[in-house]
Amino acid sequence: MILGIVTGTVTSSSNNTDIRGGRYLLINKCNKQGETKNDFLVALDLVSAGNGEMVMIAQSTSARETPTTRNKAVDAIVVGIVDVIDENGKVVYKK
């Protein structure tokens, strides 16, 4: 899993994934405290994440194992919105 912050959306006039109603987000990868790395990727949003939210991303084969993405040309998907990250009993990130 990869952590990232939603920084925007990506729109294309045509695409080749056969995913109806799919929304693509621009994600800036981040560390567990939410500090961005200036390293971006585009991910299919499956959870209706909003701008500025920290999200969990699945990539590669894992991204193609959902009912929506099975056998589709998808490399990254948003699979969750992060509320809290607790490391060894200490909260390092809170929404």
# chains A, B, ... in the order shown; residues from 1 in each chain; ligands from 1
$ residues_around --residues "Glu53 of chain A" --least-positions-apart "3" --cutoff "12 Å" --atoms "only C-alpha atoms" --output "ChimeraX atom specification"
/A:3-8,25-30,34,36,47-50,56,78,80-84,93-95
$ select_by_dssp --residues "chain A" --states "strand (DSSP E or B)" --output "PyMOL selection string"
chain A and resi 2-10+23-30+36-45+54-59+76-81+84-87+90-94
$ residues_around --residues "Asp45 of chain A" --least-positions-apart "5" --cutoff "6 Å" --atoms "only C-alpha atoms" --output "VMD selection string"
chain A and resid 23 to 24 77 to 78
$ atom_distance --atom1 "atom CA of Asn31 of chain A" --atom2 "atom CA of Ile2 of chain A"
8.9 Å
$ residues_around --residues "segment 63-71 of chain A" --least-positions-apart "3" --cutoff "10 Å" --atoms "only C-alpha atoms" --output "JSON, numbers by chain"
{"A": [17, 18, 19, 20, 22, 43, 44, 46, 57, 58, 59, 60, 74, 75, 76, 77, 78, 79]}
